Amino acid sequence: MKPGALERRAGRTLVYALLVVVTLWLVGPFIWLFVTSISYQRNLLARPLALVPPEVTLDNYRMVLGMVRFHAEGQAAKILPSMLNSLVVATAVTVVNLTVGTTAGYAYARFRVPMKTFSLFALLFTRMLPTVVLIPAYFLLFKALGLQNTLTGLVLAYCSFTLPFTIWIMKAYFETIPADLDKSALVDGCNRLQAYYRVVLPVSGPGLVAAGAFTFMLCWNEFIVAQILNTKLGTTTLPPVIAGMNAQINIDYSVIASSGFLSALPAVLLVLCFQKYLVQGLTTGSVKG
Amino acid sequence: MQPITRRSFLRTTSLLGTSAVLADGFFGEARADKPINLAGWVFKPDTVKDYVDLYNQKLGGQVKYEAIPWAQYHPTMETRAFGGEIFDVMYCAHNFRERWYANGLIRPLDDLPGIAELKKKMNPQNLESLKAKDGKLAGVPYFTSLFILIYNEPMLQGAGIKAPAKSWDELVEHSLKLKKDKVSDYPFLPNWNVSPSGTMPQFMTDAFSEGANVFDARNKVIVDQEPGVARAMERWQKVWKAELVNPEVLTKTSSTDTHRLFWTGRYAYHTNHSYYLKTIAGEPENSKLAPKKAKMTMYPGTGQTYMWTDSYTINAKTKTLDDAWKLVRFLGGNLTGDWHVQRQWCLISGLDNPYPEMYEHPEIIASYDRWVDLKLLRRQYEKGKVIAAYKEPWYSEYDVKAVPIVHNIIRGGVTVPQGLKELVKLQKSLE
Amino acid sequence: MISLVVVFPLVYSLWMSFADVNLLRTTGPALELFGLSIPLFRYVGAQNYVRLLADPLYWDSFWRTAYFVGAFVLETAVVGLGMALVLQERFLGRPLMRSLLLIPWSLSRIVVGLLWIGLLDVEFGALNGLLYRAGLIDSYISFLKSGFSALNVLVSVYMWNQAPFATLLLLAGMQSIPTEVYMAAEVDGAGYWQRLRYVTLPALRGILFLVLVVSTVNGFLMLDLIYILTMGGPGNETTTISWLGFQTAFQFFKFGPGTAILYTLTVLCLLLTVVYHKVVFRKLDAEQI
């Protein structure tokens, strides 16, 4: 027990009361999204509002998944293919980050990189750069390269803002691993690369998982870049399609909610699965600078 | 929507029309069209899909249809055009037509076979609307629309108001009373949504109803010199300040979503496009005011309201002009000999039609009569007022950027004269 | 790699901010590079910037952005710290709570927006429903009614999404405070608030600073929530600089003025990076000693 804790009984009650508030604040809205997604719109409009839905239905999900015809089925039909696109893009970017990004992070952690201070600064700046300023350039450049409306284009664009994060996190993580470990491997006759792959990487699991999960989550959730660069039918990712659901006219909120909940589920589950490593990796990366 | 009636109807009528065409041997040769891309904004996309399917099955078409959200439709189409995509046939709203035409995104249609005949059949006002600034035809009609005033009869009667408002003063008075008596939180529902079919058409409508002009003969914005516009805006400020209007209207992104509010039966008066009369009156599963005839009344003041014509256009870069034109005639003309698509919109949605002969058809008259007073609607149509300003290349940008200024006037963020001056300044800055 | 996907587009965007870029009519010279033709457009000098700085709309957005960022940073710090202090207490299910922290943070902002529409909507919002049930209001409130209220809604919703991350960082920081320090404080008779003020907060100074910088940058860049919740309205009253730049660039494809607006934002971020960099590296140096 932390000696900083409140000890008297009144204090304990207060702590639990505050915990309830915090819990409601954190998960209440998300749970309500789920509740609306299994409700009928007419019950959401009722006054007074019933907090426990009087009727439960999967109709909204049936609509979103294309099992029932309705007027916005055209938009709904984009959800599953775009989910696949999201998966492909997020996975590809994650793989690039875990190979290129971690190696660069290792280099920063162990070697005297030329202009280290400057390049670290540049890295930091890239991390803080408004991605939106790059979009007009991507728009024209990708057009010239034939990368517009391709998943490759999105992967490239996403690397621009995920790599700095990964390098930063991994640099900090590698710094927590004693350099003696590499040295002993070198003594055993490994070269630098072998030492990195055989000795350092295997003990960097938590860092890798954190960087990977984090990258995946960023890509899964990215909206603006995909919205502008990949407009052609079948080339875009999930967030623009969900935003498109919201922009449908004459559509019930309950249907939008079910599409939103469905789209959020993978990232939420991923983050919850890896939460231990994620917290550890991210805090190491950020706190250590 | 009543899916059963709609679909069964679609099947019978369209087959009749199609067989007539086939008998003519018009498209008798067993040639399938080349693939065509059709893009439209979202308005009853299931209806569109039905007749596109029909076209593909019965008329040898290979049309791929994509529906794009309304509020972002035109910028999205531009983005995609820059990205190198070619949509052979595109919907285009009145306010973007000149921008697309002048910049070579869409082509003139005057050289295409059969166009002269279509032009003759069109109401001259609508035909004029579809021409580009250089006088060439830039599109064929999707529908025409105008603003109307609709009211909630049960609410008014319940509150002891015997007849709907005949003047703006009366409308405001009724609304104040309904608010005071707690009959309605927000009795008045003007179409102030942010999309191109909302605030600005409503702005022009209310200006016209006050007998004012918005543009002069040279298409310059002159709202700062028109007392009628100022009167309309002062009224808007007044109803806003008295909280007679649901403030959420300002953030709605389509006229459809705005009129959905009226379904709830919580509002007394609503101004919107004429084609929402039918959903309000005829969709009992959605609208609390259905099923019975929609109650509209002549627009107050001069009764004049803004009327415009939205269109089907052909991409200037299309590689399949013949097939694109065939599709456009199916959609906006009379390919099948029974005005199939044009009639569909009259029957299913009650969209107003720019071809007057449509209203001579007993079936269409009967259909309208089920849910609206067609004579009254046609009288209101006679009062429709068109403008030529949207044939200026700056118009689309003006039309979009004016919305926040008008919203600011509504909410009292600027005085009326100041706000109107800003509109004039905005137009000047875009020339 | 990073230079390819970041530096070149960044330079190209900078160039566009000095050019007359109207995509409807592409004219002007092109840069031939590796067989690609990249349009250069017509150079117009600082014209885009001059017009921008003379445009009252830009300055309105500028001050609005300042308010937005200020309010967002403050709320994030206060709520983030508040949640950290509650979660720091000893209670059953503490690891579970840490997982719950990640939920708001792992949602895409599109879903965050949708979810809050479900809570705040004037027709079916659950918060309205709750207040109505409790008899606190007799008609549903329109939270997005006035521009100022809408702006504050945006701040709070974004804070809901971002504050949990601040909490994670602060919790990590609290755990690294040695227990002995608290023991000593308690022996000295320090109460809860005194320990918070004299022990906890000073120890968290570095992390709090980090939270402030990161949330400042995030505040400047926020775009997707505006897209889904207000589209910059009502009027222009939730139009921030990033939204203005985004709209200018992509509503009418005026990339010149659009990139100019976004570049002013980029410069601000660069300045913040300098500050952050200085502090972080001073800290690093201190650690190395």
# chains A, B, ... in the order shown; residues from 1 in each chain; ligands from 1

call {"tool": "interface_residues", "arguments": {"of": "chain B", "to": "chain A", "cutoff": "8 Å", "atoms": "only C-alpha atoms", "output": "ChimeraX atom specification"}}
result
/B:42-46,66-67,69-71,76,79-80,83,85,253-254,256-257,260

call {"tool": "residues_around", "arguments": {"residues": "Ser263 of chain A", "least_positions_apart": "6", "cutoff": "12 Å", "atoms": "only C-alpha atoms", "output": "PyMOL selection string"}}
result
(chain A and resi 33-34+61+64-65+79-84+86-87+217+220-221+237-243+245+256-257+269) or (chain C and resi 106-112+114)

call {"tool": "write_last_selection", "arguments": {"atoms": "N, CA and C atoms", "output": "JSON list (two decimals), in the first residue's frame"}}
result
[["chain", "number", "residue", "atom", "x", "y", "z"],
["A", 33, "LEU", "N", -22.97, 3.26, -26.67],
["A", 33, "LEU", "CA", -22.90, 3.04, -28.12],
["A", 33, "LEU", "C", -23.40, 1.64, -28.45],
["A", 34, "PHE", "N", -22.98, 0.68, -27.62],
["A", 34, "PHE", "CA", -23.42, -0.69, -27.84],
["A", 34, "PHE", "C", -24.93, -0.82, -27.62],
["A", 61, "TYR", "N", -27.42, -4.51, -36.99],
["A", 61, "TYR", "CA", -26.23, -5.24, -37.47],
["A", 61, "TYR", "C", -26.54, -5.96, -38.76],
["A", 64, "VAL", "N", -26.21, -3.38, -41.42],
["A", 64, "VAL", "CA", -24.82, -2.98, -41.63],
["A", 64, "VAL", "C", -24.04, -4.08, -42.35],
["A", 65, "LEU", "N", -24.38, -5.33, -42.05],
["A", 65, "LEU", "CA", -23.64, -6.43, -42.67],
["A", 65, "LEU", "C", -24.25, -6.89, -43.98],
["A", 79, "ILE", "N", -18.64, -1.54, -45.84],
["A", 79, "ILE", "CA", -18.02, -1.71, -44.53],
["A", 79, "ILE", "C", -17.06, -2.90, -44.49],
["A", 80, "LEU", "N", -17.54, -4.07, -44.89],
["A", 80, "LEU", "CA", -16.67, -5.24, -44.77],
["A", 80, "LEU", "C", -15.43, -5.16, -45.67],
["A", 81, "PRO", "N", -15.59, -4.79, -46.96],
["A", 81, "PRO", "CA", -14.36, -4.65, -47.78],
["A", 81, "PRO", "C", -13.39, -3.62, -47.21],
["A", 82, "SER", "N", -13.93, -2.52, -46.68],
["A", 82, "SER", "CA", -13.02, -1.50, -46.16],
["A", 82, "SER", "C", -12.34, -1.99, -44.88],
["A", 83, "MET", "N", -13.03, -2.86, -44.17],
["A", 83, "MET", "CA", -12.42, -3.43, -42.97],
["A", 83, "MET", "C", -11.21, -4.28, -43.38],
["A", 84, "LEU", "N", -11.37, -5.00, -44.47],
["A", 84, "LEU", "CA", -10.26, -5.79, -44.98],
["A", 84, "LEU", "C", -9.10, -4.87, -45.39],
["A", 86, "SER", "N", -8.45, -1.92, -44.23],
["A", 86, "SER", "CA", -7.86, -1.41, -43.00],
["A", 86, "SER", "C", -6.88, -2.43, -42.42],
["A", 87, "LEU", "N", -7.33, -3.68, -42.44],
["A", 87, "LEU", "CA", -6.50, -4.74, -41.88],
["A", 87, "LEU", "C", -5.19, -4.85, -42.66],
["A", 217, "MET", "N", -2.95, 0.37, -34.10],
["A", 217, "MET", "CA", -4.09, 1.15, -33.65],
["A", 217, "MET", "C", -4.17, 2.50, -34.38],
["A", 220, "TRP", "N", -5.36, 1.84, -37.92],
["A", 220, "TRP", "CA", -6.75, 1.39, -37.94],
["A", 220, "TRP", "C", -7.69, 2.59, -37.78],
["A", 221, "ASN", "N", -7.26, 3.56, -37.01],
["A", 221, "ASN", "CA", -8.14, 4.67, -36.68],
["A", 221, "ASN", "C", -7.96, 5.90, -37.57],
["A", 237, "THR", "N", -10.41, 2.90, -46.38],
["A", 237, "THR", "CA", -10.38, 2.14, -45.14],
["A", 237, "THR", "C", -11.64, 2.40, -44.33],
["A", 238, "LEU", "N", -11.67, 1.83, -43.16],
["A", 238, "LEU", "CA", -12.89, 1.84, -42.37],
["A", 238, "LEU", "C", -13.38, 3.22, -41.90],
["A", 239, "PRO", "N", -12.51, 4.06, -41.29],
["A", 239, "PRO", "CA", -13.05, 5.32, -40.75],
["A", 239, "PRO", "C", -13.80, 6.19, -41.77],
["A", 240, "PRO", "N", -13.27, 6.38, -43.00],
["A", 240, "PRO", "CA", -14.06, 7.18, -43.95],
["A", 240, "PRO", "C", -15.41, 6.54, -44.26],
["A", 241, "VAL", "N", -15.46, 5.23, -44.28],
["A", 241, "VAL", "CA", -16.73, 4.57, -44.57],
["A", 241, "VAL", "C", -17.72, 4.77, -43.42],
["A", 242, "ILE", "N", -17.21, 4.72, -42.20],
["A", 242, "ILE", "CA", -18.09, 4.95, -41.05],
["A", 242, "ILE", "C", -18.56, 6.40, -41.03],
["A", 243, "ALA", "N", -17.65, 7.32, -41.34],
["A", 243, "ALA", "CA", -18.05, 8.73, -41.44],
["A", 243, "ALA", "C", -19.10, 8.87, -42.53],
["A", 245, "MET", "N", -21.27, 6.62, -43.31],
["A", 245, "MET", "CA", -22.54, 6.14, -42.75],
["A", 245, "MET", "C", -23.24, 7.29, -42.04],
["A", 256, "ILE", "N", -26.16, 3.68, -37.53],
["A", 256, "ILE", "CA", -24.82, 4.27, -37.52],
["A", 256, "ILE", "C", -24.04, 3.73, -36.33],
["A", 257, "ALA", "N", -24.72, 3.67, -35.18],
["A", 257, "ALA", "CA", -24.05, 3.22, -33.97],
["A", 257, "ALA", "C", -23.54, 1.80, -34.14],
["A", 269, "LEU", "N", -10.22, -4.43, -28.77],
["A", 269, "LEU", "CA", -9.80, -5.75, -28.29],
["A", 269, "LEU", "C", -8.29, -5.89, -28.33],
["C", 106, "SER", "N", -8.37, 4.24, -27.46],
["C", 106, "SER", "CA", -8.12, 3.37, -28.61],
["C", 106, "SER", "C", -9.22, 3.46, -29.68],
["C", 107, "LEU", "N", -10.20, 4.34, -29.46],
["C", 107, "LEU", "CA", -11.26, 4.48, -30.46],
["C", 107, "LEU", "C", -10.84, 5.49, -31.52],
["C", 108, "SER", "N", -11.26, 5.23, -32.75],
["C", 108, "SER", "CA", -10.99, 6.22, -33.78],
["C", 108, "SER", "C", -11.86, 7.45, -33.48],
["C", 109, "ARG", "N", -11.35, 8.62, -33.86],
["C", 109, "ARG", "CA", -12.08, 9.84, -33.52],
["C", 109, "ARG", "C", -13.43, 9.89, -34.23],
["C", 110, "ILE", "N", -13.54, 9.17, -35.32],
["C", 110, "ILE", "CA", -14.84, 9.12, -35.98],
["C", 110, "ILE", "C", -15.84, 8.44, -35.05],
["C", 111, "VAL", "N", -15.41, 7.34, -34.45],
["C", 111, "VAL", "CA", -16.30, 6.63, -33.52],
["C", 111, "VAL", "C", -16.53, 7.47, -32.27],
["C", 112, "VAL", "N", -15.47, 8.13, -31.79],
["C", 112, "VAL", "CA", -15.64, 9.01, -30.63],
["C", 112, "VAL", "C", -16.72, 10.05, -30.91],
["C", 114, "LEU", "N", -19.19, 9.88, -33.15],
["C", 114, "LEU", "CA", -20.49, 9.21, -33.26],
["C", 114, "LEU", "C", -21.08, 8.94, -31.89]]

call {"tool": "residues_around", "arguments": {"residues": "segment 97-101 of chain B", "least_positions_apart": "6", "cutoff": "7 Å", "atoms": "only C-alpha atoms", "output": "PyMOL selection string"}}
result
chain B and resi 107+132+138+390-393+396

call {"tool": "write_last_selection", "arguments": {"atoms": "C-alpha atoms", "output": "PDB file, in the first residue's frame"}}
result
ATOM      1  CA  ARG B 107     -19.583  18.606 -71.796  1.00  0.00           C
ATOM      2  CA  ALA B 132     -24.569  27.273 -69.110  1.00  0.00           C
ATOM      3  CA  ALA B 138     -25.045  21.617 -69.650  1.00  0.00           C
ATOM      4  CA  TYR B 390     -25.462  30.385 -60.575  1.00  0.00           C
ATOM      5  CA  LYS B 391     -24.206  30.586 -64.110  1.00  0.00           C
ATOM      6  CA  GLU B 392     -21.296  32.611 -62.811  1.00  0.00           C
ATOM      7  CA  PRO B 393     -18.114  30.650 -62.194  1.00  0.00           C
ATOM      8  CA  SER B 396     -20.436  27.545 -56.085  1.00  0.00           C
TER       9      SER B 396
END

call {"tool": "select_by_dssp", "arguments": {"residues": "segment 154-329 of chain B", "states": "strand (DSSP E or B)", "output": "mmCIF file with N, CA, C and O atoms, in the first residue's frame"}}
result
data_model
loop_
_atom_site.group_PDB
_atom_site.id
_atom_site.type_symbol
_atom_site.label_atom_id
_atom_site.label_comp_id
_atom_site.auth_asym_id
_atom_site.auth_seq_id
_atom_site.Cartn_x
_atom_site.Cartn_y
_atom_site.Cartn_z
ATOM 1 N N PHE B 188 -41.282 26.260 -35.055
ATOM 2 C CA PHE B 188 -40.967 26.606 -36.440
ATOM 3 C C PHE B 188 -39.712 25.852 -36.884
ATOM 4 O O PHE B 188 -38.727 25.784 -36.160
ATOM 5 N N LEU B 189 -39.760 25.284 -38.091
ATOM 6 C CA LEU B 189 -38.637 24.500 -38.589
ATOM 7 C C LEU B 189 -38.251 24.941 -40.005
ATOM 8 O O LEU B 189 -38.660 24.328 -40.981
ATOM 9 N N PHE B 215 -29.916 39.047 -56.507
ATOM 10 C CA PHE B 215 -28.901 39.416 -57.505
ATOM 11 C C PHE B 215 -29.505 40.450 -58.451
ATOM 12 O O PHE B 215 -30.715 40.469 -58.667
ATOM 13 N N VAL B 221 -24.399 40.326 -56.272
ATOM 14 C CA VAL B 221 -25.183 40.242 -55.040
ATOM 15 C C VAL B 221 -25.540 41.648 -54.584
ATOM 16 O O VAL B 221 -24.658 42.511 -54.460
ATOM 17 N N VAL B 245 -37.014 28.167 -33.072
ATOM 18 C CA VAL B 245 -36.428 27.237 -34.032
ATOM 19 C C VAL B 245 -35.475 26.294 -33.317
ATOM 20 O O VAL B 245 -34.684 26.731 -32.472
ATOM 21 N N TYR B 269 -44.707 24.464 -38.027
ATOM 22 C CA TYR B 269 -44.509 24.916 -39.400
ATOM 23 C C TYR B 269 -43.142 24.470 -39.902
ATOM 24 O O TYR B 269 -42.167 24.492 -39.154
ATOM 25 N N HIS B 270 -43.104 24.115 -41.186
ATOM 26 C CA HIS B 270 -41.834 23.669 -41.757
ATOM 27 C C HIS B 270 -41.735 24.200 -43.178
ATOM 28 O O HIS B 270 -42.679 24.075 -43.956
ATOM 29 N N THR B 271 -40.603 24.812 -43.504
ATOM 30 C CA THR B 271 -40.363 25.194 -44.895
ATOM 31 C C THR B 271 -39.249 24.321 -45.434
ATOM 32 O O THR B 271 -38.195 24.177 -44.805
ATOM 33 N N ASN B 272 -39.499 23.704 -46.580
ATOM 34 C CA ASN B 272 -38.513 22.796 -47.157
ATOM 35 C C ASN B 272 -38.885 22.565 -48.616
ATOM 36 O O ASN B 272 -39.805 23.190 -49.138
ATOM 37 N N HIS B 273 -38.165 21.646 -49.251
ATOM 38 C CA HIS B 273 -38.439 21.343 -50.651
ATOM 39 C C HIS B 273 -39.790 20.655 -50.772
ATOM 40 O O HIS B 273 -40.172 19.866 -49.905
ATOM 41 N N LYS B 295 -50.345 18.808 -45.249
ATOM 42 C CA LYS B 295 -51.011 20.101 -45.233
ATOM 43 C C LYS B 295 -50.012 21.176 -45.609
ATOM 44 O O LYS B 295 -49.124 21.523 -44.834
ATOM 45 N N MET B 296 -50.125 21.660 -46.829
ATOM 46 C CA MET B 296 -49.291 22.796 -47.192
ATOM 47 C C MET B 296 -50.177 24.003 -47.435
ATOM 48 O O MET B 296 -51.376 23.882 -47.641
ATOM 49 N N THR B 297 -49.572 25.165 -47.375
ATOM 50 C CA THR B 297 -50.322 26.374 -47.645
ATOM 51 C C THR B 297 -49.439 27.273 -48.487
ATOM 52 O O THR B 297 -48.214 27.092 -48.509
ATOM 53 N N THR B 305 -41.162 31.553 -54.356
ATOM 54 C CA THR B 305 -40.086 30.816 -53.691
ATOM 55 C C THR B 305 -39.015 30.443 -54.711
ATOM 56 O O THR B 305 -39.268 30.425 -55.905
ATOM 57 N N TYR B 306 -37.852 30.138 -54.202
ATOM 58 C CA TYR B 306 -36.726 29.801 -55.077
ATOM 59 C C TYR B 306 -36.982 28.459 -55.747
ATOM 60 O O TYR B 306 -37.342 27.482 -55.093
ATOM 61 N N MET B 307 -36.765 28.421 -57.055
ATOM 62 C CA MET B 307 -36.936 27.164 -57.779
ATOM 63 C C MET B 307 -35.660 26.862 -58.563
ATOM 64 O O MET B 307 -35.073 27.773 -59.144
ATOM 65 N N TRP B 308 -35.244 25.634 -58.535
ATOM 66 C CA TRP B 308 -34.037 25.291 -59.273
ATOM 67 C C TRP B 308 -34.194 23.942 -59.940
ATOM 68 O O TRP B 308 -35.160 23.213 -59.691
ATOM 69 N N THR B 309 -33.247 23.615 -60.808
ATOM 70 C CA THR B 309 -33.317 22.369 -61.548
ATOM 71 C C THR B 309 -31.994 21.646 -61.388
ATOM 72 O O THR B 309 -30.952 22.167 -61.771
ATOM 73 N N ASP B 310 -32.012 20.486 -60.803
ATOM 74 C CA ASP B 310 -30.794 19.687 -60.702
ATOM 75 C C ASP B 310 -30.747 18.727 -61.880
ATOM 76 O O ASP B 310 -31.759 18.456 -62.507
ATOM 77 N N SER B 311 -29.530 18.230 -62.167
ATOM 78 C CA SER B 311 -29.374 17.646 -63.500
ATOM 79 C C SER B 311 -28.495 16.406 -63.549
ATOM 80 O O SER B 311 -27.731 16.113 -62.627
ATOM 81 N N TYR B 312 -28.621 15.716 -64.663
ATOM 82 C CA TYR B 312 -27.670 14.679 -65.041
ATOM 83 C C TYR B 312 -26.730 15.295 -66.061
ATOM 84 O O TYR B 312 -27.174 15.965 -66.997
ATOM 85 N N THR B 313 -25.430 15.072 -65.885
ATOM 86 C CA THR B 313 -24.465 15.655 -66.813
ATOM 87 C C THR B 313 -23.553 14.558 -67.344
ATOM 88 O O THR B 313 -23.453 13.477 -66.755
ATOM 89 N N ILE B 314 -22.890 14.856 -68.449
ATOM 90 C CA ILE B 314 -21.981 13.878 -69.054
ATOM 91 C C ILE B 314 -20.552 14.378 -68.931
ATOM 92 O O ILE B 314 -20.256 15.535 -69.240
ATOM 93 N N ASN B 315 -19.689 13.502 -68.474
ATOM 94 C CA ASN B 315 -18.277 13.840 -68.298
ATOM 95 C C ASN B 315 -17.639 14.182 -69.640
ATOM 96 O O ASN B 315 -17.819 13.461 -70.629
#

call {"tool": "closest_atom_pairs", "arguments": {"of": "chain B", "to": "chain C", "cutoff": "6 Å", "atoms": "only C-alpha atoms", "output": "CSV"}}
result
residue,atom,partner,partner_atom,distance
B:Pro75,CA,C:Gln251,CA,5.5
B:Pro247,CA,C:Lys145,CA,5.2
B:Pro404,CA,C:Gly235,CA,3.8
B:His407,CA,C:Gly235,CA,5.0
B:Asn408,CA,C:Gly235,CA,5.3

call {"tool": "write_last_selection", "arguments": {"atoms": "N, CA and C atoms", "output": "mmCIF file, in the first residue's frame"}}
result
data_model
loop_
_atom_site.group_PDB
_atom_site.id
_atom_site.type_symbol
_atom_site.label_atom_id
_atom_site.label_comp_id
_atom_site.auth_asym_id
_atom_site.auth_seq_id
_atom_site.Cartn_x
_atom_site.Cartn_y
_atom_site.Cartn_z
ATOM 1 N N PRO B 75 -17.486 18.350 -53.845
ATOM 2 C CA PRO B 75 -16.030 18.268 -53.615
ATOM 3 C C PRO B 75 -15.481 16.862 -53.829
ATOM 4 N N PRO B 247 -32.308 24.744 -32.671
ATOM 5 C CA PRO B 247 -30.977 25.165 -33.111
ATOM 6 C C PRO B 247 -30.183 24.073 -33.817
ATOM 7 N N PRO B 404 -21.998 30.203 -43.549
ATOM 8 C CA PRO B 404 -21.640 30.660 -42.201
ATOM 9 C C PRO B 404 -22.012 32.111 -41.941
ATOM 10 N N HIS B 407 -25.697 32.100 -41.236
ATOM 11 C CA HIS B 407 -25.908 31.523 -39.898
ATOM 12 C C HIS B 407 -25.545 32.533 -38.817
ATOM 13 N N ASN B 408 -24.520 33.292 -39.113
ATOM 14 C CA ASN B 408 -24.094 34.297 -38.149
ATOM 15 C C ASN B 408 -25.152 35.393 -38.002
#

call {"tool": "residues_around", "arguments": {"residues": "Lys120 of chain B", "least_positions_apart": "5", "cutoff": "10 Å", "atoms": "only C-alpha atoms", "output": "count of residues only"}}
result
3

call {"tool": "closest_residue", "arguments": {"among": "C:Val44, C:Ala172, C:Ile241, C:Val157", "to": "chain A", "atoms": "only C-alpha atoms"}}
result
C:Ala172

call {"tool": "residues_around", "arguments": {"residues": "segment 193-201 of chain A", "least_positions_apart": "2", "cutoff": "10 Å", "atoms": "only C-alpha atoms", "output": "PyMOL selection string"}}
result
chain A and resi 102-103+106-107+174+177-179+181-191+203-205+207-208

call {"tool": "atom_distance", "arguments": {"atom1": "atom CA of Ala50 of chain A", "atom2": "atom CA of Pro29 of chain A"}}
result
15.5 Å

call {"tool": "residues_around", "arguments": {"residues": "segment 75-85 of chain C", "least_positions_apart": "5", "cutoff": "6 Å", "atoms": "only C-alpha atoms", "output": "ChimeraX atom specification"}}
result
/C:159,163,166-167,171

call {"tool": "residues_around", "arguments": {"residues": "Thr283 of chain A", "least_positions_apart": "4", "cutoff": "12 Å", "atoms": "only C-alpha atoms", "output": "NGL selection string"}}
result
(:A and (168-170 or 172-173 or 206-207 or 210-211 or 275-279 or 287-289)) or (:C and (165-176 or 207 or 210-211))

call {"tool": "select_by_dssp", "arguments": {"residues": "segment 13-130 of chain B", "states": "helix (DSSP H, G or I)", "output": "PyMOL selection string"}}
result
chain B and resi 13-24+45-58+73-82+97-102+115-121+124-130

call {"tool": "closest_residue", "arguments": {"among": "C:Leu223, C:Ala184, C:Leu92, C:Leu14", "to": "Tyr158 of chain C", "atoms": "only C-alpha atoms"}}
result
C:Leu223
